[in-house]
$ cat upload.txt   # compact mmCIF, C-alpha atoms and all ligand atoms
# COMPACT_ATOMS: atom_id res chain seq x y z
CA MET X 1 -3.10 6.35 34.12
CA GLU X 2 -2.50 7.77 30.66
CA GLY X 3 -5.06 5.35 29.28
CA LEU X 4 -7.57 6.45 31.89
CA CYS X 5 -6.99 10.14 31.07
CA GLU X 6 -7.56 9.47 27.40
CA ALA X 7 -10.68 7.48 28.21
CA ALA X 8 -11.99 10.58 29.99
CA GLY X 9 -11.33 12.66 26.90
CA ALA X 10 -8.17 14.39 28.13
CA GLN X 11 -4.96 14.74 26.17
CA VAL X 12 -1.87 13.86 28.18
CA ILE X 13 0.81 16.54 27.86
CA ALA X 14 3.29 15.39 30.45
CA VAL X 15 3.81 12.76 33.13
CA VAL X 16 5.54 13.76 36.35
CA THR X 17 6.64 11.22 38.92
CA GLN X 18 8.05 11.58 42.39
CA LYS X 19 9.71 9.07 44.68
CA ARG X 20 9.42 10.02 48.30
CA PRO X 21 9.51 8.11 51.61
CA ALA X 22 6.17 9.65 52.59
CA VAL X 23 3.59 11.94 51.01
CA ASP X 24 3.57 15.58 52.07
CA PRO X 25 0.36 15.78 54.12
CA ARG X 26 -0.27 19.34 52.96
CA THR X 27 0.27 19.15 49.21
CA PHE X 28 0.74 15.42 48.58
CA PHE X 29 3.83 16.11 46.42
CA GLY X 30 6.89 17.70 47.99
CA GLU X 31 7.35 21.45 47.72
CA GLY X 32 10.03 21.28 45.02
CA LYS X 33 7.87 18.99 42.91
CA VAL X 34 4.88 21.32 43.28
CA LEU X 35 6.97 24.25 42.03
CA GLU X 36 8.15 22.12 39.10
CA LEU X 37 4.48 21.35 38.35
CA VAL X 38 3.54 25.03 38.49
CA ASP X 39 6.24 25.79 35.96
CA LEU X 40 5.18 22.93 33.71
CA VAL X 41 1.50 23.87 33.83
CA GLU X 42 2.25 27.51 33.07
CA ARG X 43 4.51 26.69 30.14
CA SER X 44 2.22 24.06 28.63
CA GLU X 45 -1.02 25.85 29.47
CA ALA X 46 -2.40 22.56 30.80
CA THR X 47 -5.91 22.84 32.20
CA LEU X 48 -5.90 19.83 34.49
CA VAL X 49 -3.58 17.96 36.85
CA VAL X 50 -4.55 14.39 37.78
CA ALA X 51 -2.93 12.65 40.75
CA ASP X 52 -2.59 8.90 40.42
CA ARG X 53 -3.66 8.41 44.05
CA GLU X 54 -6.58 9.49 46.15
CA LEU X 55 -6.07 13.03 47.47
CA SER X 56 -7.59 14.46 50.63
CA PRO X 57 -9.90 17.46 50.16
CA ALA X 58 -7.28 19.65 51.89
CA GLN X 59 -4.55 18.45 49.54
CA VAL X 60 -6.68 19.35 46.52
CA ARG X 61 -7.36 22.81 47.99
CA ASN X 62 -3.70 23.44 48.75
CA LEU X 63 -2.52 22.23 45.35
CA GLU X 64 -5.07 24.42 43.61
CA ARG X 65 -3.73 27.38 45.58
CA TYR X 66 -0.37 26.89 43.84
CA LEU X 67 -1.48 25.63 40.47
CA PRO X 68 -3.29 27.77 37.88
CA CYS X 69 -5.58 24.86 36.92
CA ARG X 70 -7.91 22.28 38.37
CA VAL X 71 -6.61 19.31 40.34
CA ILE X 72 -8.43 15.98 40.57
CA ASP X 73 -7.43 12.53 41.77
CA ARG X 74 -7.58 9.04 40.29
CA THR X 75 -10.94 8.27 41.88
CA GLN X 76 -12.59 11.35 40.41
CA LEU X 77 -11.18 10.51 37.02
CA ILE X 78 -12.53 6.94 37.08
CA LEU X 79 -15.89 8.16 38.38
CA ASP X 80 -16.01 10.54 35.45
CA ILE X 81 -15.34 7.78 32.91
CA PHE X 82 -18.02 5.63 34.50
CA ALA X 83 -20.48 8.53 34.39
CA ARG X 84 -19.87 8.85 30.66
CA ARG X 85 -20.30 5.14 30.01
CA ALA X 86 -23.31 4.26 32.15
CA ILE X 87 -26.28 3.57 29.90
CA THR X 88 -28.87 1.59 31.79
CA ARG X 89 -30.75 2.91 34.79
CA GLU X 90 -28.84 0.51 37.03
CA GLY X 91 -25.50 1.74 35.71
CA ARG X 92 -26.49 5.37 36.18
CA VAL X 93 -27.78 4.81 39.70
CA GLN X 94 -24.60 2.98 40.63
CA VAL X 95 -22.35 5.71 39.27
CA GLU X 96 -24.32 8.49 40.90
CA MET X 97 -24.19 6.69 44.25
CA ALA X 98 -20.44 6.34 43.95
CA GLN X 99 -20.07 10.01 42.99
CA LEU X 100 -22.19 11.25 45.86
CA SER X 101 -20.46 8.98 48.39
CA TYR X 102 -17.17 10.38 47.18
CA LEU X 103 -18.43 13.94 47.36
CA LEU X 104 -20.07 13.75 50.76
CA PRO X 105 -16.98 13.84 53.02
CA ARG X 106 -15.52 16.50 50.75
CA LEU X 107 -18.27 19.01 51.34
CA THR X 108 -17.54 21.64 53.95
CA GLY X 109 -21.06 23.00 53.90
CA ARG X 110 -19.96 26.32 52.45
CA GLY X 111 -21.38 27.27 49.09
CA ALA X 112 -18.02 28.59 47.98
CA GLU X 113 -16.57 25.10 48.09
CA MET X 114 -19.05 23.78 45.62
CA SER X 115 -19.17 26.67 43.22
CA ARG X 116 -15.45 26.26 42.66
CA LEU X 117 -16.20 23.09 40.74
CA GLY X 118 -16.76 24.21 37.20
CA GLY X 119 -17.47 22.04 34.18
CA GLY X 120 -15.09 19.50 32.76
CA ILE X 121 -13.54 16.20 33.73
CA GLY X 122 -14.36 15.01 37.21
CA THR X 123 -17.41 17.19 37.66
CA ARG X 124 -19.90 15.41 35.46
CA GLY X 125 -22.88 13.90 37.20
CA PRO X 126 -25.38 11.59 35.57
CA GLY X 127 -29.06 12.35 35.71
CA GLU X 128 -30.29 15.24 37.71
CA THR X 129 -27.38 15.49 40.16
CA LYS X 130 -26.87 19.10 41.03
CA LEU X 131 -23.53 19.89 42.52
CA GLU X 132 -25.02 22.55 44.73
CA LEU X 133 -26.98 19.98 46.70
CA ASP X 134 -26.08 20.30 50.32
CA ARG X 135 -25.07 17.42 52.50
CA ARG X 136 -28.52 16.67 53.80
CA ARG X 137 -30.01 16.62 50.37
CA ILE X 138 -27.19 14.38 49.18
CA ARG X 139 -27.91 11.95 52.00
CA THR X 140 -31.60 11.90 51.12
CA ARG X 141 -30.72 11.34 47.50
CA LEU X 142 -28.33 8.54 48.45
CA THR X 143 -31.06 6.81 50.45
CA GLY X 144 -33.42 7.05 47.49
CA LEU X 145 -30.79 5.75 45.09
CA ARG X 146 -29.95 2.89 47.42
CA ARG X 147 -33.62 1.89 47.53
CA GLU X 148 -33.90 2.05 43.79
CA LEU X 149 -30.75 -0.01 43.41
CA GLU X 150 -32.09 -2.60 45.83
CA ALA X 151 -35.24 -2.88 43.76
CA ILE X 152 -33.17 -3.28 40.58
CA ALA X 153 -30.96 -5.83 42.34
CA ARG X 154 -34.06 -7.83 43.28
CA GLN X 155 -35.21 -7.81 39.68
CA ARG X 156 -31.75 -8.88 38.62
CA ALA X 157 -31.75 -11.69 41.19
CA THR X 158 -35.15 -12.91 39.97
CA ALA X 159 -33.99 -12.88 36.36
CA ARG X 160 -30.82 -14.68 37.41
CA ASP X 161 -32.70 -17.34 39.41
CA LYS X 162 -34.89 -18.02 36.43
CA ARG X 163 -31.87 -18.29 34.16
CA LEU X 164 -29.84 -20.44 36.57
CA ARG X 165 -32.68 -22.90 36.91
CA ASP X 166 -32.48 -23.54 33.22
CA VAL X 167 -28.96 -23.02 31.96
CA PRO X 168 -25.40 -22.91 33.31
CA THR X 169 -23.47 -19.64 33.15
CA VAL X 170 -19.99 -18.55 32.11
CA ALA X 171 -18.77 -15.10 33.19
CA LEU X 172 -16.11 -13.24 31.21
CA VAL X 173 -14.03 -11.07 33.52
CA GLY X 174 -10.78 -9.19 33.11
CA TYR X 175 -8.95 -5.92 32.92
CA THR X 176 -10.66 -3.14 31.04
CA ASN X 177 -10.05 -3.30 27.27
CA ALA X 178 -8.85 -6.93 27.45
CA GLY X 179 -11.37 -7.92 24.77
CA LYS X 180 -14.24 -9.40 26.81
CA THR X 181 -17.09 -7.91 24.78
CA THR X 182 -15.43 -8.86 21.50
CA LEU X 183 -14.90 -12.42 22.76
CA GLN X 184 -18.53 -12.69 23.82
CA GLY X 185 -19.59 -11.50 20.37
CA ARG X 186 -17.44 -14.14 18.66
CA TRP X 187 -18.70 -16.81 21.03
CA VAL X 188 -22.27 -15.98 20.13
CA ALA X 189 -21.41 -15.88 16.42
CA ASP X 190 -19.59 -19.24 16.59
CA LYS X 191 -22.04 -21.04 18.80
CA GLY X 192 -25.35 -19.32 18.90
CA GLY X 193 -25.95 -17.84 15.50
CA GLY X 194 -26.53 -14.37 16.95
CA GLY X 195 -24.86 -11.28 15.52
CA VAL X 196 -21.39 -10.11 16.53
CA VAL X 197 -21.29 -7.18 18.88
CA GLY X 198 -18.06 -5.31 18.35
CA GLY X 199 -16.29 -4.01 21.44
CA GLU X 200 -15.05 -0.44 21.37
CA ASN X 201 -11.41 0.32 21.84
CA ARG X 202 -11.86 2.37 24.95
CA LEU X 203 -11.59 1.80 28.66
CA PHE X 204 -14.67 0.76 30.59
CA ASP X 205 -16.68 0.28 27.44
CA THR X 206 -19.02 -2.15 29.17
CA LEU X 207 -20.66 -1.17 32.45
CA ASP X 208 -23.75 -3.31 32.39
CA PRO X 209 -23.31 -7.06 32.35
CA ALA X 210 -24.95 -8.48 29.26
CA ALA X 211 -26.02 -12.10 29.24
CA ARG X 212 -26.25 -13.89 25.90
CA GLN X 213 -27.21 -17.47 25.25
CA VAL X 214 -25.22 -19.91 23.14
CA SER X 215 -25.38 -23.68 22.80
CA THR X 216 -23.19 -26.72 22.23
CA ARG X 217 -23.16 -28.70 19.02
CA LEU X 218 -25.67 -31.06 20.60
CA GLY X 219 -27.90 -28.14 21.44
CA HIS X 220 -27.28 -27.84 25.19
CA PRO X 221 -27.70 -24.16 26.00
CA TYR X 222 -25.53 -22.04 28.30
CA VAL X 223 -25.17 -18.34 28.94
CA VAL X 224 -22.07 -16.19 28.44
CA ILE X 225 -22.04 -13.04 30.56
CA ASP X 226 -19.92 -9.99 29.73
CA THR X 227 -18.94 -7.82 32.70
CA VAL X 228 -17.52 -4.43 33.63
CA GLY X 229 -13.74 -4.26 33.21
CA PHE X 230 -11.42 -4.14 36.20
CA VAL X 231 -8.57 -1.73 36.82
CA GLU X 232 -6.07 -1.57 39.67
CA ASN X 233 -7.13 0.50 42.67
CA LEU X 234 -10.71 0.57 41.52
CA PRO X 235 -12.19 3.25 43.80
CA HIS X 236 -13.77 1.69 46.83
CA HIS X 237 -17.02 3.63 46.30
CA LEU X 238 -17.31 2.15 42.84
CA VAL X 239 -16.71 -1.41 43.97
CA GLU X 240 -19.43 -0.90 46.58
CA ALA X 241 -21.86 0.68 44.13
CA PHE X 242 -21.24 -1.96 41.47
CA ARG X 243 -21.52 -4.85 43.90
CA SER X 244 -24.87 -6.07 42.59
CA THR X 245 -23.55 -6.01 39.04
CA LEU X 246 -20.40 -7.83 40.05
CA GLU X 247 -22.54 -10.37 41.93
CA GLU X 248 -23.23 -11.96 38.54
CA VAL X 249 -19.67 -13.24 38.67
CA ARG X 250 -20.30 -14.98 41.98
CA TYR X 251 -23.23 -16.90 40.55
CA ALA X 252 -21.41 -18.07 37.45
CA ASP X 253 -20.59 -21.78 37.08
CA VAL X 254 -17.33 -21.04 35.32
CA ILE X 255 -15.23 -17.87 35.17
CA VAL X 256 -13.09 -17.05 32.16
CA ILE X 257 -10.40 -14.45 32.87
CA VAL X 258 -9.65 -12.66 29.62
CA VAL X 259 -6.08 -11.34 29.51
CA ASP X 260 -4.62 -9.11 26.81
CA ALA X 261 -1.46 -11.12 26.10
CA GLY X 262 0.27 -8.11 24.59
CA HIS X 263 -0.32 -5.62 27.38
CA ALA X 264 1.12 -6.19 30.88
CA PRO X 265 -0.56 -9.61 31.12
CA GLY X 266 1.00 -10.45 34.48
CA ALA X 267 -0.01 -7.26 36.26
CA HIS X 268 -3.50 -7.28 34.78
CA LEU X 269 -4.04 -10.92 35.66
CA MET X 270 -3.02 -10.18 39.27
CA THR X 271 -5.43 -7.23 39.46
CA THR X 272 -8.24 -9.35 38.10
CA ARG X 273 -7.56 -12.18 40.54
CA ARG X 274 -7.50 -9.70 43.41
CA VAL X 275 -10.95 -8.39 42.46
CA LEU X 276 -12.18 -11.99 42.19
CA ALA X 277 -10.80 -12.63 45.67
CA ASP X 278 -12.74 -9.59 46.94
CA LEU X 279 -15.87 -11.11 45.42
CA SER X 280 -15.07 -14.49 47.06
CA ALA X 281 -15.10 -16.01 43.59
CA LEU X 282 -11.60 -17.52 43.44
CA ASP X 283 -12.81 -20.97 44.45
CA LYS X 284 -14.84 -21.32 41.26
CA PRO X 285 -13.55 -23.12 38.19
CA ILE X 286 -11.41 -20.46 36.49
CA ILE X 287 -10.05 -20.61 32.98
CA THR X 288 -7.43 -18.05 31.99
CA PHE X 289 -7.69 -17.08 28.34
CA PHE X 290 -4.83 -15.19 26.70
CA ASN X 291 -6.40 -12.91 24.14
CA LYS X 292 -5.04 -10.66 21.38
CA ILE X 293 -2.39 -13.29 20.67
CA ASP X 294 -2.07 -11.68 17.23
CA THR X 295 -0.47 -8.63 18.84
CA VAL X 296 2.46 -10.51 20.37
CA ALA X 297 5.36 -11.47 18.15
CA GLU X 298 6.20 -14.71 19.90
CA ARG X 299 3.30 -16.99 20.53
CA PRO X 300 2.93 -17.41 23.34
CA GLY X 301 5.38 -14.87 24.78
CA PRO X 302 7.75 -16.00 27.52
CA ASP X 303 5.82 -14.27 30.33
CA VAL X 304 2.55 -15.61 28.97
CA GLY X 305 4.06 -19.08 29.01
CA ALA X 306 5.08 -18.68 32.64
CA LEU X 307 1.64 -17.37 33.62
CA ALA X 308 -0.01 -20.20 31.72
CA SER X 309 1.94 -22.83 33.61
CA LEU X 310 1.08 -21.07 36.87
CA TYR X 311 -2.64 -21.06 36.10
CA GLY X 312 -2.98 -24.50 34.54
CA SER X 313 -6.19 -24.18 32.58
CA ALA X 314 -5.03 -21.40 30.29
CA ALA X 315 -5.86 -21.44 26.59
CA HIS X 316 -3.81 -19.33 24.18
CA GLY X 317 -6.04 -17.45 21.87
CA ASN X 318 -7.49 -20.72 20.58
CA LEU X 319 -11.24 -20.21 20.70
CA GLU X 320 -12.16 -23.83 19.94
CA GLU X 321 -9.99 -24.97 22.83
CA LEU X 322 -11.60 -22.37 25.08
CA TYR X 323 -15.14 -23.44 24.18
CA GLN X 324 -14.21 -27.09 24.71
CA THR X 325 -12.62 -26.41 28.09
CA VAL X 326 -15.63 -24.43 29.24
CA GLU X 327 -18.12 -26.99 27.96
CA ARG X 328 -16.18 -29.82 29.60
CA GLN X 329 -16.24 -27.87 32.85
CA LEU X 330 -19.99 -27.39 32.51
CA GLU X 331 -20.25 -31.10 31.62
CA LEU X 332 -21.88 -30.13 28.36
CA ASP X 333 -19.17 -31.68 26.21
CA GLU X 334 -19.96 -34.73 24.10
CA VAL X 335 -19.31 -38.26 25.26
CA ARG X 336 -20.10 -41.57 23.56
CA VAL X 337 -21.91 -44.17 25.66
CA THR X 338 -23.05 -47.67 24.86
CA ILE X 339 -26.25 -48.79 26.54
CA HIS X 340 -28.24 -52.01 26.73
CA VAL X 341 -32.01 -51.71 27.21
CA ARG X 342 -35.05 -53.86 26.93
CA GLU X 343 -37.31 -52.99 24.06
CA ASP X 344 -40.17 -51.91 26.32
CA ASP X 345 -37.93 -49.73 28.50
CA THR X 346 -38.20 -46.20 27.19
CA ARG X 347 -36.20 -44.44 29.86
CA TRP X 348 -33.19 -44.24 27.56
CA GLN X 349 -34.97 -41.47 25.70
CA SER X 350 -34.11 -39.10 28.52
CA LEU X 351 -30.46 -39.83 27.81
CA LEU X 352 -30.92 -38.31 24.43
CA ARG X 353 -32.09 -34.91 25.50
CA GLY X 354 -30.04 -32.87 23.10
CA GLY X 355 -28.11 -35.97 22.04
CA ARG X 356 -28.38 -38.52 19.24
CA ILE X 357 -28.24 -42.26 18.56
CA GLU X 358 -25.23 -43.15 16.48
CA HIS X 359 -25.78 -46.88 16.18
CA ALA X 360 -28.42 -49.40 17.28
CA GLU X 361 -28.78 -53.17 16.97
CA THR X 362 -30.61 -56.04 18.62
CA THR X 363 -28.49 -58.49 20.58
CA ALA X 364 -28.95 -62.28 20.77
CA SER X 365 -30.75 -61.91 24.11
CA GLY X 366 -33.33 -59.65 22.52
CA GLU X 367 -32.05 -56.40 24.08
CA TRP X 368 -31.29 -53.23 22.26
CA GLN X 369 -27.67 -52.21 22.17
CA MET X 370 -27.23 -48.56 21.32
CA THR X 371 -24.35 -46.15 20.99
CA ALA X 372 -25.43 -42.66 21.92
CA VAL X 373 -23.64 -39.33 21.73
CA THR X 374 -24.76 -37.03 24.51
CA SER X 375 -23.51 -34.59 27.09
CA ARG X 376 -21.33 -35.78 29.95
CA LYS X 377 -23.99 -34.63 32.38
CA GLN X 378 -26.80 -36.58 30.69
CA ALA X 379 -24.59 -39.68 30.56
CA HIS X 380 -23.87 -39.27 34.24
CA LEU X 381 -27.56 -38.90 35.10
CA TRP X 382 -28.31 -41.98 33.00
CA GLN X 383 -25.72 -43.98 34.93
CA GLN X 384 -27.25 -42.88 38.20
CA MET X 385 -30.68 -43.83 36.96
CA GLN X 386 -29.38 -47.31 36.06
CA GLN X 387 -27.86 -47.70 39.50
CA ASP X 388 -31.04 -46.58 41.24
CA GLY X 389 -32.56 -49.32 39.12
CA SER X 390 -36.19 -48.58 39.91
CA GLU X 391 -38.55 -49.74 37.18
CA HIS X 392 -40.94 -46.91 37.85
CA ASP X 393 -38.35 -44.23 38.00
CA ASN X 394 -39.42 -41.83 35.33
CA ARG X 395 -37.72 -38.73 36.60
CA HIS X 396 -36.55 -36.56 33.80
CA PRO X 397 -32.97 -35.50 34.23
N1 LIG L 401 -5.63 -7.19 17.94
C1 LIG L 401 -6.70 -7.62 18.60
N2 LIG L 401 -7.55 -6.73 19.11
C2 LIG L 401 -8.63 -7.19 19.78
C3 LIG L 401 -8.86 -8.59 20.00
N3 LIG L 401 -9.98 -8.72 20.72
C4 LIG L 401 -10.44 -7.47 20.96
N4 LIG L 401 -9.64 -6.53 20.39
C5 LIG L 401 -9.80 -5.07 20.42
O1 LIG L 401 -9.59 -4.60 21.73
C6 LIG L 401 -10.44 -3.49 22.00
C7 LIG L 401 -11.22 -3.71 23.27
O2 LIG L 401 -12.12 -4.76 23.10
P1 LIG L 401 -13.43 -4.93 24.01
O3 LIG L 401 -14.02 -6.22 23.61
O4 LIG L 401 -14.27 -3.72 23.99
O5 LIG L 401 -12.75 -5.04 25.46
P2 LIG L 401 -13.48 -5.17 26.87
O6 LIG L 401 -12.64 -6.10 27.69
O7 LIG L 401 -14.91 -5.54 26.68
O8 LIG L 401 -13.35 -3.69 27.45
P3 LIG L 401 -14.22 -2.96 28.60
O9 LIG L 401 -15.67 -3.22 28.33
O10 LIG L 401 -13.84 -1.54 28.42
O11 LIG L 401 -13.77 -3.51 29.92
C8 LIG L 401 -11.33 -3.32 20.76
O12 LIG L 401 -10.77 -2.32 19.95
C9 LIG L 401 -11.22 -4.66 20.07
O13 LIG L 401 -11.39 -4.55 18.69
C10 LIG L 401 -7.91 -9.52 19.44
O14 LIG L 401 -8.00 -10.74 19.55
N5 LIG L 401 -6.85 -8.96 18.77
MG MG L 402 -16.59 -4.62 27.26

$ encode --input "upload.txt" --output "structure tokens"
Amino acid sequence: MEGLCEAAGAQVIAVVTQKRPAVDPRTFFGEGKVLELVDLVERSEATLVVADRELSPAQVRNLERYLPCRVIDRTQLILDIFARRAITREGRVQVEMAQLSYLLPRLTGRGAEMSRLGGGIGTRGPGETKLELDRRRIRTRLTGLRRELEAIARQRATARDKRLRDVPTVALVGYTNAGKTTLQGRWVADKGGGGVVGGENRLFDTLDPAARQVSTRLGHPYVVIDTVGFVENLPHHLVEAFRSTLEEVRYADVIVIVVDAGHAPGAHLMTTRRVLADLSALDKPIITFFNKIDTVAERPGPDVGALASLYGSAAHGNLEELYQTVERQLELDEVRVTIHVREDDTRWQSLLRGGRIEHAETTASGEWQMTAVTSRKQAHLWQQMQQDGSEHDNRHP
């Protein structure tokens, strides 16, 4: 919560917690705690109170009656961060939809309600959102935004179809600030020759999934997709609005969960897996990658070790091992195969798409014997072709 506040540009003065069998339906916190808050706000001259749960509109109103400052909830805070970060049209449309859906049930139809919202955290709207829009106009706007988003989603699906036809995809997912964008940048630098894109040390730095192509040593291409970071209790409106963006994860061939090994790795891994479950993506090949290993004294730390044994395919900060695991999963890793072919049979050339001949000689029976290095997938296709055995089979794998 403190991280989220800082991401929204707020400075955290104090953290107040309360343990209670049930929330007070009127003021969320109990009466004594509210009075304690009033005192704290007055003494510290704080200008904002953020509740780490979703508040009802009535609870916000009642709290603001006591407190000499604005009161917002976790959802509003996250919406605000997203509004600041959204860059592309799709990102902006998604955030605005989420903001308006959040706002809609909170409007009472009286102008006074709306004019109470001044500037500052939790009130920012992207684009031409005007907070004085009434309900009907908000609904009309929502319909328009939904249409626009559908059109963008169609474009995205077309682009994705085109990409999927050609190359397999790896999606980097994980808690916000885990290091996904940085990892993608290094991947591209190590494998694709592209420049490194440095991630920013701030929450929800990436809102728009960026796809970048890399290739294996043998030249087989694949795409690494960076995605929006997860956080626990991601507001429902946001999950809905960002569904088309998150869809990218569902279409990936392999998912790499990036975990900051030095920062609540267990809790963040659970949150990430829960979001993946929501996206029905848990049945995909998943590789858990423990990142920022340099920040933990022991390597790997005891909890990281336990998590790693729980989620078998984990790699500890070793990038080469990660690339290899991913490429093996995509069947793009190198294998060595020995083949026997007649001189006039040229089908073997398809085996070498992106591969190379390591050794060749003529055998006593007049056949060629060759040792080829190629991808597992090509070798597999070659084997199938041999089994099909048709002389005229000139399909290109
Ligand atoms: N010490 C250390 N810091 C790292 C490592 N990888 C990334 N970082 C830092 O962690 C911060 C966050 O990195 P990003 O790559 O932006 O993280 P992200 O997961 O893309 O974050 P969001 O897009 O906000 O979800 C940046 O300041 C990085 O420099 C690492 O291996 N070690
Ligand atoms: Mg990022």

$ atom_distance --input "upload.txt" --atom1 "atom CA of Val173 of chain X" --atom2 "atom CA of Ile257 of chain X"
5.0 Å

$ closest_residue --input "upload.txt" --among "X:Arg65, X:Arg376, X:Arg146, X:Lys292" --to "ligand LIG 401 (chain L)" --atoms "all atoms listed in the file"
X:Lys292

$ closest_residue --input "upload.txt" --among "X:Ala252, X:Val38, X:Ile13, X:Ile225" --to "ligand MG 402 (chain L)" --atoms "all atoms listed in the file"
X:Ile225

$ closest_residue --input "upload.txt" --among "X:Ala46, X:Val95, X:Leu63, X:Ile78" --to "Phe242 of chain X" --atoms "all atoms listed in the file"
X:Val95

$ residues_around --input "upload.txt" --residues "Tyr323 of chain X" --least-positions-apart "6" --cutoff "10 Å" --atoms "only C-alpha atoms" --output "list in words"
Trp187, Asp190, Lys191, Thr216, Ala315, Gln329 and Asp333 of chain X

$ closest_residue --input "upload.txt" --among "X:Gly262, X:Gly91, X:Gly9, X:Pro168" --to "ligand LIG 401 (chain L)" --atoms "only C-alpha atoms and all ligand atoms"
X:Gly262

$ atom_distance --input "upload.txt" --atom1 "atom CA of Pro25 of chain X" --atom2 "atom CA of Val50 of chain X"
17.1 Å

$ closest_residue --input "upload.txt" --among "X:Leu183, X:Leu218, X:Leu67, X:Ala189" --to "ligand LIG 401 (chain L)" --atoms "all atoms listed in the file"
X:Leu183

$ closest_residue --input "upload.txt" --among "X:Lys33, X:Arg243, X:Arg136, X:Arg85" --to "ligand MG 402 (chain L)" --atoms "all atoms listed in the file"
X:Arg85

$ atom_distance --input "upload.txt" --atom1 "atom CA of Leu269 of chain X" --atom2 "atom CA of Leu307 of chain X"
8.8 Å

$ residues_around --input "upload.txt" --residues "Thr17 of chain X" --least-positions-apart "3" --cutoff "12 Å" --atoms "all atoms listed in the file" --output "list in words"
Met1, Ala14, Arg20, Phe29, Gly30, Lys33, Val34, Glu36, Leu37, Val50, Ala51, Asp52 and Arg53 of chain X

$ residues_around --input "upload.txt" --residues "Pro68 of chain X" --least-positions-apart "5" --cutoff "12 Å" --atoms "all atoms listed in the file" --output "PDB file with C-alpha atoms, in the coordinates of the input"
ATOM      1  CA  VAL X  34       4.880  21.320  43.280  1.00  0.00           C
ATOM      2  CA  LEU X  35       6.970  24.250  42.030  1.00  0.00           C
ATOM      3  CA  LEU X  37       4.480  21.350  38.350  1.00  0.00           C
ATOM      4  CA  VAL X  38       3.540  25.030  38.490  1.00  0.00           C
ATOM      5  CA  ASP X  39       6.240  25.790  35.960  1.00  0.00           C
ATOM      6  CA  LEU X  40       5.180  22.930  33.710  1.00  0.00           C
ATOM      7  CA  VAL X  41       1.500  23.870  33.830  1.00  0.00           C
ATOM      8  CA  GLU X  42       2.250  27.510  33.070  1.00  0.00           C
ATOM      9  CA  ARG X  43       4.510  26.690  30.140  1.00  0.00           C
ATOM     10  CA  SER X  44       2.220  24.060  28.630  1.00  0.00           C
ATOM     11  CA  GLU X  45      -1.020  25.850  29.470  1.00  0.00           C
ATOM     12  CA  ALA X  46      -2.400  22.560  30.800  1.00  0.00           C
ATOM     13  CA  THR X  47      -5.910  22.840  32.200  1.00  0.00           C
ATOM     14  CA  LEU X  48      -5.900  19.830  34.490  1.00  0.00           C
ATOM     15  CA  VAL X  49      -3.580  17.960  36.850  1.00  0.00           C
ATOM     16  CA  ARG X  61      -7.360  22.810  47.990  1.00  0.00           C
ATOM     17  CA  ASN X  62      -3.700  23.440  48.750  1.00  0.00           C
ATOM     18  CA  LEU X  63      -2.520  22.230  45.350  1.00  0.00           C
TER      19      LEU X  63
END

$ residues_around --input "upload.txt" --residues "Arg353 of chain X" --least-positions-apart "5" --cutoff "12 Å" --atoms "only C-alpha atoms" --output "MDAnalysis selection string"
chainID X and resid 218:221 332 347:348 372:379 381:382 396:397

$ axis_aligned_box --input "upload.txt" --around "segment 285-296 of chain X" --padding-each-side "3 Å" --output "JSON"
{"center_x": -5.5, "center_y": -15.9, "center_z": 27.7, "size_x": 22.0, "size_y": 20.5, "size_z": 27.0}

$ residues_around --input "upload.txt" --residues "Glu150 of chain X" --least-positions-apart "6" --cutoff "12 Å" --atoms "all atoms listed in the file" --output "PyMOL selection string"
chain X and resi 90+93-94+143-144+156-157+241-245

$ write_last_selection --input "upload.txt" --atoms "C-alpha atoms" --output "CSV table (one decimal), in the frame of the given file"
chain,number,residue,atom,x,y,z
X,90,GLU,CA,-28.8,0.5,37.0
X,93,VAL,CA,-27.8,4.8,39.7
X,94,GLN,CA,-24.6,3.0,40.6
X,143,THR,CA,-31.1,6.8,50.4
X,144,GLY,CA,-33.4,7.0,47.5
X,156,ARG,CA,-31.8,-8.9,38.6
X,157,ALA,CA,-31.8,-11.7,41.2
X,241,ALA,CA,-21.9,0.7,44.1
X,242,PHE,CA,-21.2,-2.0,41.5
X,243,ARG,CA,-21.5,-4.8,43.9
X,244,SER,CA,-24.9,-6.1,42.6
X,245,THR,CA,-23.6,-6.0,39.0

$ decode --input "upload.txt" --residues "segment 365-370 of chain X" --atoms "N, CA and C atoms" --output "short mmCIF file (atom, residue, chain, number, x, y, z; two decimals), in the first residue's frame"
data_model
loop_
_atom_site.label_atom_id
_atom_site.label_comp_id
_atom_site.auth_asym_id
_atom_site.auth_seq_id
_atom_site.Cartn_x
_atom_site.Cartn_y
_atom_site.Cartn_z
N SER X 365 27.56 -47.93 -49.21
CA SER X 365 26.38 -48.19 -50.06
C SER X 365 26.04 -47.00 -50.95
N GLY X 366 26.85 -45.98 -50.91
CA GLY X 366 26.63 -44.85 -51.80
C GLY X 366 25.66 -43.81 -51.26
N GLU X 367 25.26 -43.94 -50.00
CA GLU X 367 24.36 -42.95 -49.38
C GLU X 367 25.19 -41.85 -48.72
N TRP X 368 24.53 -40.75 -48.53
CA TRP X 368 25.15 -39.71 -47.71
C TRP X 368 24.85 -39.99 -46.25
N GLN X 369 25.85 -39.82 -45.41
CA GLN X 369 25.59 -39.84 -43.97
C GLN X 369 25.97 -38.47 -43.44
N MET X 370 25.00 -37.81 -42.83
CA MET X 370 25.26 -36.44 -42.37
C MET X 370 24.91 -36.27 -40.90
#
